[in-house]
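> Structure file model_39.pdb (PDB, C-alpha atoms) is given on the next line.
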ATOM      1  CA  MET A   3       0.000   0.000   0.000
ATOM      2  CA  THR A   4       1.979   2.988  -1.236
ATOM      3  CA  LEU A   5       1.008   6.542  -1.995
ATOM      4  CA  ASP A   6       3.607   8.314  -4.121
ATOM      5  CA  THR A   7       3.780  12.091  -3.509
ATOM      6  CA  LEU A   8       3.787  13.063  -7.196
ATOM      7  CA  ASN A   9       0.944  10.637  -7.908
ATOM      8  CA  LEU A  10      -1.019  12.198  -5.057
ATOM      9  CA  VAL A  11      -0.375  15.680  -6.473
ATOM     10  CA  ALA A  12      -1.724  14.547  -9.854
ATOM     11  CA  ILE A  13      -4.794  12.968  -8.214
ATOM     12  CA  LEU A  14      -5.497  16.096  -6.135
ATOM     13  CA  GLY A  15      -5.183  18.226  -9.279
ATOM     14  CA  MET A  16      -7.594  15.935 -11.118
ATOM     15  CA  ALA A  17     -10.035  16.151  -8.191
ATOM     16  CA  ALA A  18      -9.832  19.951  -8.045
ATOM     17  CA  VAL A  19     -10.510  20.588 -11.756
ATOM     18  CA  THR A  20     -13.259  17.950 -11.799
ATOM     19  CA  TYR A  21     -15.053  19.461  -8.807
ATOM     20  CA  LEU A  22     -14.752  22.880 -10.403
ATOM     21  CA  THR A  23     -16.599  21.655 -13.526
ATOM     22  CA  ARG A  24     -19.283  20.047 -11.318
ATOM     23  CA  ILE A  25     -20.124  23.144  -9.286
ATOM     24  CA  ALA A  26     -19.614  25.668 -12.109
ATOM     25  CA  GLY A  27     -23.257  25.107 -13.048
ATOM     26  CA  LEU A  28     -24.429  26.605  -9.734
ATOM     27  CA  ALA A  29     -23.031  29.957 -10.836
ATOM     28  CA  LEU A  30     -23.919  29.585 -14.513
ATOM     29  CA  ALA A  31     -27.472  28.260 -14.249
ATOM     30  CA  GLY A  32     -29.842  30.196 -16.474
ATOM     31  CA  ARG A  33     -27.066  32.365 -17.878
ATOM     32  CA  LEU A  34     -25.585  29.922 -20.388
ATOM     33  CA  ASP A  35     -26.801  30.492 -23.945
ATOM     34  CA  LEU A  36     -24.490  28.804 -26.427
ATOM     35  CA  SER A  37     -24.789  29.330 -30.171
ATOM     36  CA  PRO A  38     -25.486  26.084 -32.102
ATOM     37  CA  ARG A  39     -21.904  26.204 -33.361
ATOM     38  CA  ALA A  40     -20.427  26.612 -29.882
ATOM     39  CA  GLN A  41     -22.757  23.882 -28.641
ATOM     40  CA  ALA A  42     -21.432  21.534 -31.362
ATOM     41  CA  ALA A  43     -17.848  22.271 -30.328
ATOM     42  CA  PHE A  44     -18.774  21.680 -26.681
ATOM     43  CA  ASP A  45     -20.462  18.364 -27.526
ATOM     44  CA  ALA A  46     -17.341  17.353 -29.448
ATOM     45  CA  ILE A  47     -15.088  17.661 -26.387
ATOM     46  CA  PRO A  48     -15.414  14.053 -25.101
ATOM     47  CA  PRO A  49     -14.743  12.274 -28.443
ATOM     48  CA  ALA A  50     -11.967  14.764 -29.350
ATOM     49  CA  VAL A  51     -10.144  14.164 -26.072
ATOM     50  CA  LEU A  52     -10.617  10.390 -26.163
ATOM     51  CA  VAL A  53      -9.232  10.165 -29.708
ATOM     52  CA  ALA A  54      -6.347  12.521 -28.899
ATOM     53  CA  VAL A  55      -5.325  10.260 -26.003
ATOM     54  CA  ILE A  56      -5.331   6.978 -27.976
ATOM     55  CA  ALA A  57      -4.102   8.180 -31.388
ATOM     56  CA  PRO A  58      -0.406   7.405 -30.674
ATOM     57  CA  SER A  59      -1.299   3.842 -29.661
ATOM     58  CA  ALA A  60      -3.738   3.332 -32.548
ATOM     59  CA  LEU A  61      -1.923   5.141 -35.374
ATOM     60  CA  ALA A  62       1.754   5.496 -34.461
ATOM     61  CA  THR A  63       2.779   2.184 -32.832
ATOM     62  CA  GLY A  64       2.688  -0.472 -35.544
ATOM     63  CA  TRP A  65       0.402  -2.151 -38.032
ATOM     64  CA  PRO A  66      -1.023  -4.747 -35.578
ATOM     65  CA  GLU A  67      -2.291  -1.905 -33.344
ATOM     66  CA  THR A  68      -3.689   0.062 -36.291
ATOM     67  CA  GLY A  69      -5.390  -3.069 -37.647
ATOM     68  CA  ALA A  70      -6.863  -3.935 -34.259
ATOM     69  CA  ALA A  71      -8.085  -0.333 -33.857
ATOM     70  CA  LEU A  72      -9.915  -0.580 -37.196
ATOM     71  CA  LEU A  73     -11.513  -3.877 -36.147
ATOM     72  CA  ALA A  74     -12.541  -2.382 -32.800
ATOM     73  CA  ALA A  75     -14.078   0.627 -34.582
ATOM     74  CA  LEU A  76     -16.025  -1.739 -36.811
ATOM     75  CA  ALA A  77     -17.182  -3.730 -33.763
ATOM     76  CA  ALA A  78     -18.185  -0.489 -32.007
ATOM     77  CA  THR A  79     -20.865   0.153 -34.643
ATOM     78  CA  ARG A  80     -22.896  -2.812 -33.359
ATOM     79  CA  LEU A  81     -21.484  -4.348 -30.152
ATOM     80  CA  PRO A  82     -21.655  -3.160 -26.501
ATOM     81  CA  LEU A  83     -18.679  -1.636 -24.690
ATOM     82  CA  LEU A  84     -17.054  -4.724 -23.195
ATOM     83  CA  ALA A  85     -17.502  -6.797 -26.370
ATOM     84  CA  VAL A  86     -15.641  -4.085 -28.298
ATOM     85  CA  VAL A  87     -12.804  -4.248 -25.759
ATOM     86  CA  ALA A  88     -12.679  -8.040 -26.169
ATOM     87  CA  VAL A  89     -12.560  -7.762 -29.986
ATOM     88  CA  GLY A  90      -9.763  -5.166 -29.821
ATOM     89  CA  VAL A  91      -7.650  -7.120 -27.327
ATOM     90  CA  LEU A  92      -8.037 -10.451 -29.147
ATOM     91  CA  ALA A  93      -7.290  -8.768 -32.491
ATOM     92  CA  VAL A  94      -4.079  -7.166 -31.237
ATOM     93  CA  VAL A  95      -2.858 -10.421 -29.664
ATOM     94  CA  GLY A  96      -3.610 -12.268 -32.931
ATOM     95  CA  LEU A  97      -2.067  -9.661 -35.235
ATOM     96  CA  ARG A  98       1.103  -9.382 -33.104
ATOM     97  CA  MET A  99       1.689 -13.118 -33.578
ATOM     98  CA  VAL A 100       1.561 -12.797 -37.390
TER      99      VAL A 100
ATOM    100  CA  MET B   4     -43.030  10.354   0.601
ATOM    101  CA  SER B   5     -40.682   9.616   3.474
ATOM    102  CA  VAL B   6     -36.953  10.184   3.321
ATOM    103  CA  LEU B   7     -36.333   6.444   3.444
ATOM    104  CA  ASP B   8     -38.719   5.752   0.538
ATOM    105  CA  ASP B   9     -36.989   8.413  -1.527
ATOM    106  CA  ALA B  10     -33.547   7.009  -0.778
ATOM    107  CA  ARG B  11     -34.766   3.514  -1.665
ATOM    108  CA  LEU B  12     -36.129   4.846  -4.960
ATOM    109  CA  GLY B  13     -32.766   6.399  -5.770
ATOM    110  CA  PHE B  14     -31.118   3.051  -5.111
ATOM    111  CA  SER B  15     -33.547   1.126  -7.319
ATOM    112  CA  ASP B  16     -32.978   3.632 -10.147
ATOM    113  CA  ILE B  17     -29.182   3.473 -10.022
ATOM    114  CA  TRP B  18     -28.473  -0.216  -9.463
ATOM    115  CA  PRO B  19     -28.522  -1.302 -13.154
ATOM    116  CA  ALA B  20     -25.919   1.380 -13.910
ATOM    117  CA  ALA B  21     -23.861   0.241 -10.912
ATOM    118  CA  VAL B  22     -23.933  -3.382 -12.091
ATOM    119  CA  ALA B  23     -22.955  -2.356 -15.633
ATOM    120  CA  ALA B  24     -19.962  -0.503 -14.146
ATOM    121  CA  VAL B  25     -18.601  -3.594 -12.334
ATOM    122  CA  PRO B  26     -16.499  -5.018 -15.214
ATOM    123  CA  ILE B  27     -15.447  -1.487 -16.216
ATOM    124  CA  GLY B  28     -14.242  -0.874 -12.649
ATOM    125  CA  LEU B  29     -12.291  -4.138 -12.580
ATOM    126  CA  LEU B  30     -10.723  -3.286 -15.947
ATOM    127  CA  PHE B  31      -9.818   0.202 -14.754
ATOM    128  CA  GLY B  32      -8.115  -1.155 -11.631
ATOM    129  CA  ALA B  33      -6.146  -3.732 -13.634
ATOM    130  CA  LEU B  34      -4.946  -1.149 -16.182
ATOM    131  CA  ALA B  35      -3.987   1.294 -13.427
ATOM    132  CA  ALA B  36      -1.999  -1.444 -11.687
ATOM    133  CA  ALA B  37      -0.212  -2.189 -14.989
ATOM    134  CA  LYS B  38       0.864   1.482 -15.048
ATOM    135  CA  GLY B  39       2.335   1.120 -11.562
ATOM    136  CA  LEU B  40      -0.447   2.635  -9.463
ATOM    137  CA  SER B  41      -1.013   0.969  -6.093
ATOM    138  CA  PRO B  42      -4.491  -0.199  -4.969
ATOM    139  CA  LEU B  43      -4.468   2.636  -2.413
ATOM    140  CA  GLU B  44      -3.762   5.207  -5.134
ATOM    141  CA  VAL B  45      -6.553   3.742  -7.260
ATOM    142  CA  PHE B  46      -8.934   3.965  -4.281
ATOM    143  CA  VAL B  47      -7.956   7.557  -3.489
ATOM    144  CA  MET B  48      -8.365   8.574  -7.137
ATOM    145  CA  GLY B  49     -11.839   7.017  -7.286
ATOM    146  CA  ALA B  50     -12.921   8.618  -4.019
ATOM    147  CA  LEU B  51     -11.633  12.103  -4.892
ATOM    148  CA  VAL B  52     -12.180  12.275  -8.664
ATOM    149  CA  PHE B  53     -14.954   9.761  -9.461
ATOM    150  CA  ALA B  54     -15.041  10.301 -13.230
ATOM    151  CA  GLY B  55     -14.668   7.104 -15.285
ATOM    152  CA  GLY B  56     -13.711   8.562 -18.665
ATOM    153  CA  ALA B  57     -11.259  11.051 -17.198
ATOM    154  CA  GLN B  58      -9.727   8.382 -14.944
ATOM    155  CA  PHE B  59      -9.158   6.023 -17.895
ATOM    156  CA  ALA B  60      -7.549   8.829 -19.899
ATOM    157  CA  ALA B  61      -5.360   9.840 -16.951
ATOM    158  CA  VAL B  62      -4.113   6.291 -16.396
ATOM    159  CA  GLU B  63      -3.320   5.932 -20.112
ATOM    160  CA  LEU B  64      -1.090   9.025 -19.763
ATOM    161  CA  TRP B  65       0.397   7.871 -16.430
ATOM    162  CA  ALA B  66       4.144   7.236 -16.251
ATOM    163  CA  SER B  67       6.860   7.393 -13.622
ATOM    164  CA  PRO B  68       7.271  10.242 -12.734
ATOM    165  CA  ALA B  69       3.656  11.251 -13.343
ATOM    166  CA  PRO B  70       3.151  13.888 -16.104
ATOM    167  CA  VAL B  71       1.087  16.005 -13.696
ATOM    168  CA  PHE B  72       0.240  18.836 -16.095
ATOM    169  CA  ALA B  73      -0.887  16.555 -18.938
ATOM    170  CA  ILE B  74      -3.010  14.462 -16.560
ATOM    171  CA  ILE B  75      -4.785  17.478 -15.053
ATOM    172  CA  PHE B  76      -5.270  19.127 -18.457
ATOM    173  CA  SER B  77      -6.781  15.974 -19.959
ATOM    174  CA  THR B  78      -9.063  15.603 -16.918
ATOM    175  CA  LEU B  79     -10.263  19.197 -17.251
ATOM    176  CA  LEU B  80     -10.996  18.778 -20.959
ATOM    177  CA  ILE B  81     -12.869  15.507 -20.580
ATOM    178  CA  ASN B  82     -14.927  16.768 -17.645
ATOM    179  CA  ALA B  83     -15.725  20.150 -19.218
ATOM    180  CA  ARG B  84     -19.111  18.708 -20.184
ATOM    181  CA  HIS B  85     -20.000  18.701 -16.449
ATOM    182  CA  VAL B  86     -20.331  22.488 -16.643
ATOM    183  CA  LEU B  87     -23.335  22.139 -18.932
ATOM    184  CA  MET B  88     -24.739  19.207 -16.935
ATOM    185  CA  SER B  89     -24.551  21.007 -13.593
ATOM    186  CA  ALA B  90     -25.943  24.213 -15.116
ATOM    187  CA  SER B  91     -28.943  22.177 -16.200
ATOM    188  CA  ILE B  92     -29.482  20.325 -12.888
ATOM    189  CA  ALA B  93     -28.724  23.239 -10.515
ATOM    190  CA  PRO B  94     -32.136  24.981 -10.805
ATOM    191  CA  LYS B  95     -33.789  21.620  -9.948
ATOM    192  CA  LEU B  96     -32.052  21.336  -6.561
ATOM    193  CA  GLY B  97     -34.437  23.701  -4.752
ATOM    194  CA  ARG B  98     -34.970  21.311  -1.809
ATOM    195  CA  PHE B  99     -31.211  21.017  -1.172
ATOM    196  CA  SER B 100     -29.393  23.128   1.425
ATOM    197  CA  PRO B 101     -26.257  24.908   0.142
ATOM    198  CA  ALA B 102     -24.099  22.269   1.858
ATOM    199  CA  GLN B 103     -26.133  19.439   0.316
ATOM    200  CA  LYS B 104     -25.703  21.028  -3.130
ATOM    201  CA  LEU B 105     -21.938  21.333  -2.715
ATOM    202  CA  MET B 106     -21.642  17.756  -1.415
ATOM    203  CA  GLY B 107     -24.133  16.227  -3.833
ATOM    204  CA  LEU B 108     -22.556  17.729  -6.940
ATOM    205  CA  TYR B 109     -19.136  16.389  -5.905
ATOM    206  CA  TYR B 110     -20.225  12.974  -7.221
ATOM    207  CA  MET B 111     -22.337  14.040 -10.180
ATOM    208  CA  ALA B 112     -21.545  11.632 -13.036
ATOM    209  CA  ASP B 113     -23.167  10.998 -16.426
ATOM    210  CA  GLU B 114     -25.406   8.201 -15.115
ATOM    211  CA  ASN B 115     -26.773   9.732 -11.911
ATOM    212  CA  TRP B 116     -27.112  13.118 -13.616
ATOM    213  CA  ALA B 117     -29.217  11.603 -16.407
ATOM    214  CA  LEU B 118     -31.415   9.717 -13.911
ATOM    215  CA  ALA B 119     -31.901  12.844 -11.792
ATOM    216  CA  GLU B 120     -32.886  14.862 -14.885
ATOM    217  CA  LYS B 121     -35.420  12.170 -15.739
ATOM    218  CA  ARG B 122     -36.800  12.134 -12.186
ATOM    219  CA  ALA B 123     -37.006  15.948 -12.058
ATOM    220  CA  ARG B 124     -39.508  15.904 -14.922
ATOM    221  CA  VAL B 125     -42.159  14.197 -12.758
ATOM    222  CA  ARG B 126     -41.208  15.076  -9.172
ATOM    223  CA  GLN B 127     -39.079  17.561  -7.319
ATOM    224  CA  LEU B 128     -35.621  16.189  -6.578
ATOM    225  CA  THR B 129     -34.910  15.466  -2.917
ATOM    226  CA  PRO B 130     -31.526  15.093  -1.239
ATOM    227  CA  ALA B 131     -32.631  11.588  -0.106
ATOM    228  CA  TYR B 132     -33.176  10.481  -3.716
ATOM    229  CA  TRP B 133     -29.881  11.999  -4.882
ATOM    230  CA  PHE B 134     -27.774  10.476  -2.109
ATOM    231  CA  GLY B 135     -29.711   7.205  -2.416
ATOM    232  CA  MET B 136     -28.239   6.992  -5.923
ATOM    233  CA  ILE B 137     -24.789   8.309  -5.193
ATOM    234  CA  VAL B 138     -23.784   6.307  -2.114
ATOM    235  CA  PRO B 139     -24.189   2.828  -3.688
ATOM    236  CA  PHE B 140     -22.870   4.002  -7.089
ATOM    237  CA  VAL B 141     -19.680   5.486  -5.656
ATOM    238  CA  SER B 142     -19.172   2.532  -3.255
ATOM    239  CA  CYS B 143     -19.460   0.094  -6.152
ATOM    240  CA  TRP B 144     -16.886   2.014  -8.237
ATOM    241  CA  LEU B 145     -14.448   2.170  -5.296
ATOM    242  CA  MET B 146     -14.783  -1.544  -4.522
ATOM    243  CA  THR B 147     -14.432  -2.797  -8.099
ATOM    244  CA  THR B 148     -11.552  -0.500  -9.096
ATOM    245  CA  THR B 149      -9.573  -1.314  -5.936
ATOM    246  CA  MET B 150     -10.247  -5.014  -6.438
ATOM    247  CA  GLY B 151      -9.116  -4.741 -10.075
ATOM    248  CA  ALA B 152      -5.894  -3.044  -8.978
ATOM    249  CA  THR B 153      -5.189  -5.756  -6.395
ATOM    250  CA  VAL B 154      -5.831  -8.652  -8.785
ATOM    251  CA  GLY B 155      -4.362  -6.864 -11.818
ATOM    252  CA  ALA B 156      -0.993  -6.335 -10.148
ATOM    253  CA  ALA B 157      -0.592 -10.112  -9.932
ATOM    254  CA  MET B 158      -1.254 -10.642 -13.646
ATOM    255  CA  GLY B 159       2.247  -9.678 -14.811
ATOM    256  CA  ASP B 160       3.141  -7.958 -18.094
ATOM    257  CA  PRO B 161      -0.142  -6.743 -19.609
ATOM    258  CA  ARG B 162       1.352  -6.786 -23.127
ATOM    259  CA  ASN B 163       1.291 -10.593 -23.155
ATOM    260  CA  LEU B 164      -2.493 -10.560 -22.778
ATOM    261  CA  GLY B 165      -2.981  -7.585 -25.114
ATOM    262  CA  ALA B 166      -4.289  -5.704 -22.066
ATOM    263  CA  ASP B 167      -2.187  -2.652 -22.983
ATOM    264  CA  PHE B 168      -4.513  -2.302 -25.981
ATOM    265  CA  ALA B 169      -7.678  -2.505 -23.847
ATOM    266  CA  PHE B 170      -7.652   1.296 -23.374
ATOM    267  CA  THR B 171      -7.513   1.962 -27.070
ATOM    268  CA  ALA B 172     -10.384  -0.445 -27.729
ATOM    269  CA  LEU B 173     -12.393   0.936 -24.804
ATOM    270  CA  PHE B 174     -11.930   4.519 -25.990
ATOM    271  CA  ILE B 175     -12.961   3.577 -29.505
ATOM    272  CA  ALA B 176     -16.168   2.112 -28.055
ATOM    273  CA  LEU B 177     -16.729   5.248 -25.945
ATOM    274  CA  VAL B 178     -16.235   7.502 -28.976
ATOM    275  CA  ALA B 179     -18.926   5.474 -30.751
ATOM    276  CA  SER B 180     -21.316   6.190 -27.862
ATOM    277  CA  PHE B 181     -20.769   9.945 -28.370
ATOM    278  CA  TRP B 182     -21.353   9.636 -32.140
ATOM    279  CA  LYS B 183     -23.536  12.359 -33.636
ATOM    280  CA  GLY B 184     -22.889  11.904 -37.348
ATOM    281  CA  ARG B 185     -20.877  14.107 -39.697
ATOM    282  CA  VAL B 186     -19.607  16.592 -37.101
ATOM    283  CA  THR B 187     -18.227  13.738 -34.955
ATOM    284  CA  PHE B 188     -16.528  12.223 -38.007
ATOM    285  CA  TRP B 189     -14.543  15.424 -38.692
ATOM    286  CA  THR B 190     -13.822  15.792 -34.971
ATOM    287  CA  VAL B 191     -12.387  12.271 -34.752
ATOM    288  CA  ALA B 192     -10.408  12.553 -38.000
ATOM    289  CA  ALA B 193      -8.823  15.889 -37.034
ATOM    290  CA  ALA B 194      -8.104  14.839 -33.439
ATOM    291  CA  GLY B 195      -6.552  11.512 -34.510
ATOM    292  CA  ILE B 196      -4.294  12.918 -37.214
ATOM    293  CA  ALA B 197      -3.177  15.964 -35.196
ATOM    294  CA  SER B 198      -2.489  13.856 -32.112
ATOM    295  CA  ALA B 199      -0.500  11.145 -33.951
ATOM    296  CA  LEU B 200       1.561  13.768 -35.841
ATOM    297  CA  THR B 201       2.285  15.783 -32.691
ATOM    298  CA  TYR B 202       3.264  12.600 -30.857
ATOM    299  CA  LYS B 203       5.776  11.720 -33.611
ATOM    300  CA  LEU B 204       7.161  15.232 -34.200
ATOM    301  CA  VAL B 205       7.019  16.864 -30.742
ATOM    302  CA  GLY B 206       6.393  14.009 -28.314
ATOM    303  CA  PRO B 207       4.121  13.493 -25.308
ATOM    304  CA  PRO B 208       2.253  15.009 -23.537
ATOM    305  CA  TRP B 209       1.536  17.686 -26.181
ATOM    306  CA  HIS B 210      -0.367  15.272 -28.427
ATOM    307  CA  VAL B 211      -3.405  15.457 -26.082
ATOM    308  CA  ALA B 212      -3.786  19.233 -26.260
ATOM    309  CA  ALA B 213      -2.977  19.419 -29.986
ATOM    310  CA  GLY B 214      -5.365  16.588 -30.864
ATOM    311  CA  ALA B 215      -8.202  17.791 -28.634
ATOM    312  CA  LEU B 216      -8.024  21.402 -29.831
ATOM    313  CA  SER B 217      -7.857  20.319 -33.491
ATOM    314  CA  GLY B 218     -10.926  18.145 -32.900
ATOM    315  CA  LEU B 219     -12.854  21.057 -31.360
ATOM    316  CA  LEU B 220     -11.873  23.357 -34.202
ATOM    317  CA  ALA B 221     -13.002  20.750 -36.741
ATOM    318  CA  ALA B 222     -16.358  20.382 -34.929
ATOM    319  CA  TRP B 223     -16.833  24.151 -34.896
ATOM    320  CA  LEU B 224     -16.027  24.389 -38.622
ATOM    321  CA  ALA B 225     -18.161  21.362 -39.573
ATOM    322  CA  ALA B 226     -21.151  22.622 -37.551
ATOM    323  CA  GLY B 227     -20.961  25.955 -39.398
ATOM    324  CA  THR B 228     -21.605  24.237 -42.711
ATOM    325  CA  GLU B 229     -24.755  22.578 -41.355
ATOM    326  CA  PRO B 230     -27.884  23.640 -43.311
ATOM    327  CA  ALA B 231     -29.304  26.891 -41.901
ATOM    328  CA  VAL B 232     -32.771  25.392 -41.319
ATOM    329  CA  LEU B 233     -31.281  22.691 -39.125
ATOM    330  CA  ALA B 234     -29.267  25.192 -37.108
ATOM    331  CA  GLU B 235     -32.404  27.247 -36.453
ATOM    332  CA  GLY B 236     -34.242  24.124 -35.398
ATOM    333  CA  VAL B 237     -31.602  23.421 -32.770
ATOM    334  CA  LYS B 238     -31.835  26.944 -31.432
ATOM    335  CA  SER B 239     -35.597  27.078 -30.911
TER     336      SER B 239
END
Would you mind writing the structure in this file as structure tokens?

Amino acid sequence: MTLDTLNLVAILGMAAVTYLTRIAGLALAGRLDLSPRAQAAFDAIPPAVLVAVIAPSALATGWPETGAALLAALAATRLPLLAVVAVGVLAVVGLRMV
Amino acid sequence: MSVLDDARLGFSDIWPAAVAAVPIGLLFGALAAAKGLSPLEVFVMGALVFAGGAQFAAVELWASPAPVFAIIFSTLLINARHVLMSASIAPKLGRFSPAQKLMGLYYMADENWALAEKRARVRQLTPAYWFGMIVPFVSCWLMTTTMGATVGAAMGDPRNLGADFAFTALFIALVASFWKGRVTFWTVAAAGIASALTYKLVGPPWHVAAGALSGLLAAWLAAGTEPAVLAEGVKS
């Protein structure tokens, strides 16, 4: 059971910014009127961040990872979350053996 | 309705979401352990942050020493949607004391927020209902992630099982759940290309900021080319 100081700093920072986003609404309520364009950009935040985080692993590691990412994306159009994870993991293990 | 009835109702509304989060929690713990986080650190992160998507992204970025700035920046970006969610739920918390609001919103997540919004359409939200959802939901996340970290640490090199790729696959599935058509396509394409290029040319952790901002810009540009009639429809 260890608690690294730098890890704790990172966790506390994560907690602080997250709490800030959760209570910001108390101050903003009723005053937020986004244009459709700004709303679209706001809605795009989660997918943009998720893709930005995984792009090096999916696109800049090797062809087995890129292939498995494509298969996972295909699976994501019809399968639930955990099934997509299973497809991706099995695909990368298989393709790395080739 | 009594306080106890309300709390029980909150519990019966949240439990399917809590059950669905069990394997996700175990997976999160195992991946965090593979990155060198201890079960205690996983527990503390869950208790203080409690944001699945942001926690997965943070652990993917984790290294030794921890890239503190990149982790906090990615967390802020992913959780920015909470601003809109809390702005929408805040006027519906009339029966909450200021302290109950500040405590209750600490654990506002996608699932309990959505259920509370649904409930607020037919009845006024009570603190009992809100905390009846949050207490079991948070407890479940803490138990499963800590358990995953304890078991995961014993599994050895995650590369052998392809577990290092589980994040990538999970995130691809999550992106699909946020899919809204053409605008999302341009967002994903711009974010992916900008992030991969930045990673190769500049190196981590700048790929997160470069990719995310390119994705937002692409969404803003793509939404501007939406037919005018549609844009008006959204506004009204």
> Which protein, DNA or RNA residues are at most 10 Å from (-13.2, 18.3, -17.7) in the file's coordinates when you count only C-alpha atoms, listed as a list in words?
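Counting only C-alpha atoms, I find these residues within 10 Å of (-13.2, 18.3, -17.7): Met16, Val19, Thr20, Tyr21, Leu22, Thr23, Arg24, Ile47, Pro48 and Val51 of chain A; Ala54, Gly56, Ala57, Ile75, Phe76, Ser77, Thr78, Leu79, Leu80, Ile81, Asn82, Ala83, Arg84, His85 and Val86 of chain B.
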> Using only C-alpha atoms, determine which residues lie at most 10 Å from Leu51 (chain B), disregarding the query and same-chain residues fewer than 4 positions distant; provide the list as a list in words.
Ile13, Leu14, Gly15, Met16, Ala17, Ala18, Thr20 and Tyr21 of chain A; Phe46, Val47, Tyr109 and Tyr110 of chain B
> Applying 12 Å and all atoms listed in the file, which residues near Thr190 (chain B) remain after dropping the ones on its own chain fewer than 4 positions away? List them as a PDB file with C-alpha atoms, in the coordinates of the input.

ATOM      1  CA  ALA A  42     -21.432  21.534 -31.362  1.00  0.00           C
ATOM      2  CA  ALA A  43     -17.848  22.271 -30.328  1.00  0.00           C
ATOM      3  CA  PHE A  44     -18.774  21.680 -26.681  1.00  0.00           C
ATOM      4  CA  ASP A  45     -20.462  18.364 -27.526  1.00  0.00           C
ATOM      5  CA  ALA A  46     -17.341  17.353 -29.448  1.00  0.00           C
ATOM      6  CA  ILE A  47     -15.088  17.661 -26.387  1.00  0.00           C
ATOM      7  CA  PRO A  48     -15.414  14.053 -25.101  1.00  0.00           C
ATOM      8  CA  PRO A  49     -14.743  12.274 -28.443  1.00  0.00           C
ATOM      9  CA  ALA A  50     -11.967  14.764 -29.350  1.00  0.00           C
ATOM     10  CA  VAL A  51     -10.144  14.164 -26.072  1.00  0.00           C
ATOM     11  CA  LEU A  52     -10.617  10.390 -26.163  1.00  0.00           C
ATOM     12  CA  VAL A  53      -9.232  10.165 -29.708  1.00  0.00           C
ATOM     13  CA  ALA A  54      -6.347  12.521 -28.899  1.00  0.00           C
TER      14      ALA A  54
ATOM     15  CA  VAL B 178     -16.235   7.502 -28.976  1.00  0.00           C
ATOM     16  CA  PHE B 181     -20.769   9.945 -28.370  1.00  0.00           C
ATOM     17  CA  TRP B 182     -21.353   9.636 -32.140  1.00  0.00           C
ATOM     18  CA  LYS B 183     -23.536  12.359 -33.636  1.00  0.00           C
ATOM     19  CA  GLY B 184     -22.889  11.904 -37.348  1.00  0.00           C
ATOM     20  CA  ARG B 185     -20.877  14.107 -39.697  1.00  0.00           C
ATOM     21  CA  VAL B 186     -19.607  16.592 -37.101  1.00  0.00           C
ATOM     22  CA  ALA B 194      -8.104  14.839 -33.439  1.00  0.00           C
ATOM     23  CA  GLY B 195      -6.552  11.512 -34.510  1.00  0.00           C
ATOM     24  CA  ILE B 196      -4.294  12.918 -37.214  1.00  0.00           C
ATOM     25  CA  ALA B 197      -3.177  15.964 -35.196  1.00  0.00           C
ATOM     26  CA  SER B 198      -2.489  13.856 -32.112  1.00  0.00           C
ATOM     27  CA  GLY B 214      -5.365  16.588 -30.864  1.00  0.00           C
ATOM     28  CA  ALA B 215      -8.202  17.791 -28.634  1.00  0.00           C
ATOM     29  CA  LEU B 216      -8.024  21.402 -29.831  1.00  0.00           C
ATOM     30  CA  SER B 217      -7.857  20.319 -33.491  1.00  0.00           C
ATOM     31  CA  GLY B 218     -10.926  18.145 -32.900  1.00  0.00           C
ATOM     32  CA  LEU B 219     -12.854  21.057 -31.360  1.00  0.00           C
ATOM     33  CA  LEU B 220     -11.873  23.357 -34.202  1.00  0.00           C
ATOM     34  CA  ALA B 221     -13.002  20.750 -36.741  1.00  0.00           C
ATOM     35  CA  ALA B 222     -16.358  20.382 -34.929  1.00  0.00           C
ATOM     36  CA  TRP B 223     -16.833  24.151 -34.896  1.00  0.00           C
ATOM     37  CA  LEU B 224     -16.027  24.389 -38.622  1.00  0.00           C
ATOM     38  CA  ALA B 225     -18.161  21.362 -39.573  1.00  0.00           C
ATOM     39  CA  ALA B 226     -21.151  22.622 -37.551  1.00  0.00           C
TER      40      ALA B 226
END
> For Val86 (chain A), work out the shell of residues within 7 Å, counting all atoms listed in the file and skipping chain neighbours fewer than 6 positions away, then give it as a ChimeraX atom specification.
/A:74,77-78 /B:172-173,176
> Quick one, how far is CA of Val100 (chain A) from CA of Ala169 (chain B)?
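The value is 19.4 Å.
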> For the structure provided, state which residues fall under the PyMOL selection byres ((chain B and resi 122) around 12), and present them as a list in words.
Asp9, Leu12, Gly13, Asp16, Ile17, Ile92, Lys95, Leu96, Asn115, Trp116, Ala117, Leu118, Ala119, Glu120, Lys121, Ala123, Arg124, Val125, Arg126, Gln127, Leu128, Thr129, Tyr132, Trp133 and Met136 of chain B
> Please determine, counting only C-alpha atoms, which residue among B:Met106, B:Val22, B:Met146, B:Ala157 has the shortest atom-to-atom distance to chain A.
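Among B:Met106, B:Val22, B:Met146, B:Ala157, it is B:Met106 that comes nearest to chain A.
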> Please expand the PyMOL selection byres ((chain A and resi 4) around 12) into the concrete residues it hits in this file, giving the result as number ranges by chain.
A: 3, 5-10; B: 39-47
> Evaluate the PyMOL selection byres ((chain A and resi 89-97) around 8) against this structure - the residues, as a list in words, please.
Pro66, Glu67, Gly69, Ala70, Ala71, Leu73, Ala74, Ala77, Ala85, Val86, Val87, Ala88, Arg98, Met99 and Val100 of chain A; Asn163, Leu164, Gly165, Ala166, Phe168, Ala169, Thr171 and Ala172 of chain B
> Report, in Å to a single decimal, how far apart CA of Ile74 (chain B) and CA of Ser37 (chain A) are.
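Here the two named atoms are 29.7 Å from each other.
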> Could you check which of B:Ala193, B:Leu145, B:Ala152, B:Val71 is closest to chain A, using only C-alpha atoms?
B:Val71
> Find the distance between CA of Leu177 (chain B) and CA of Pro82 (chain A) and write it in Å to one decimal.
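We find that CA of Leu177 (chain B) and CA of Pro82 (chain A) lie 9.8 Å from each other.
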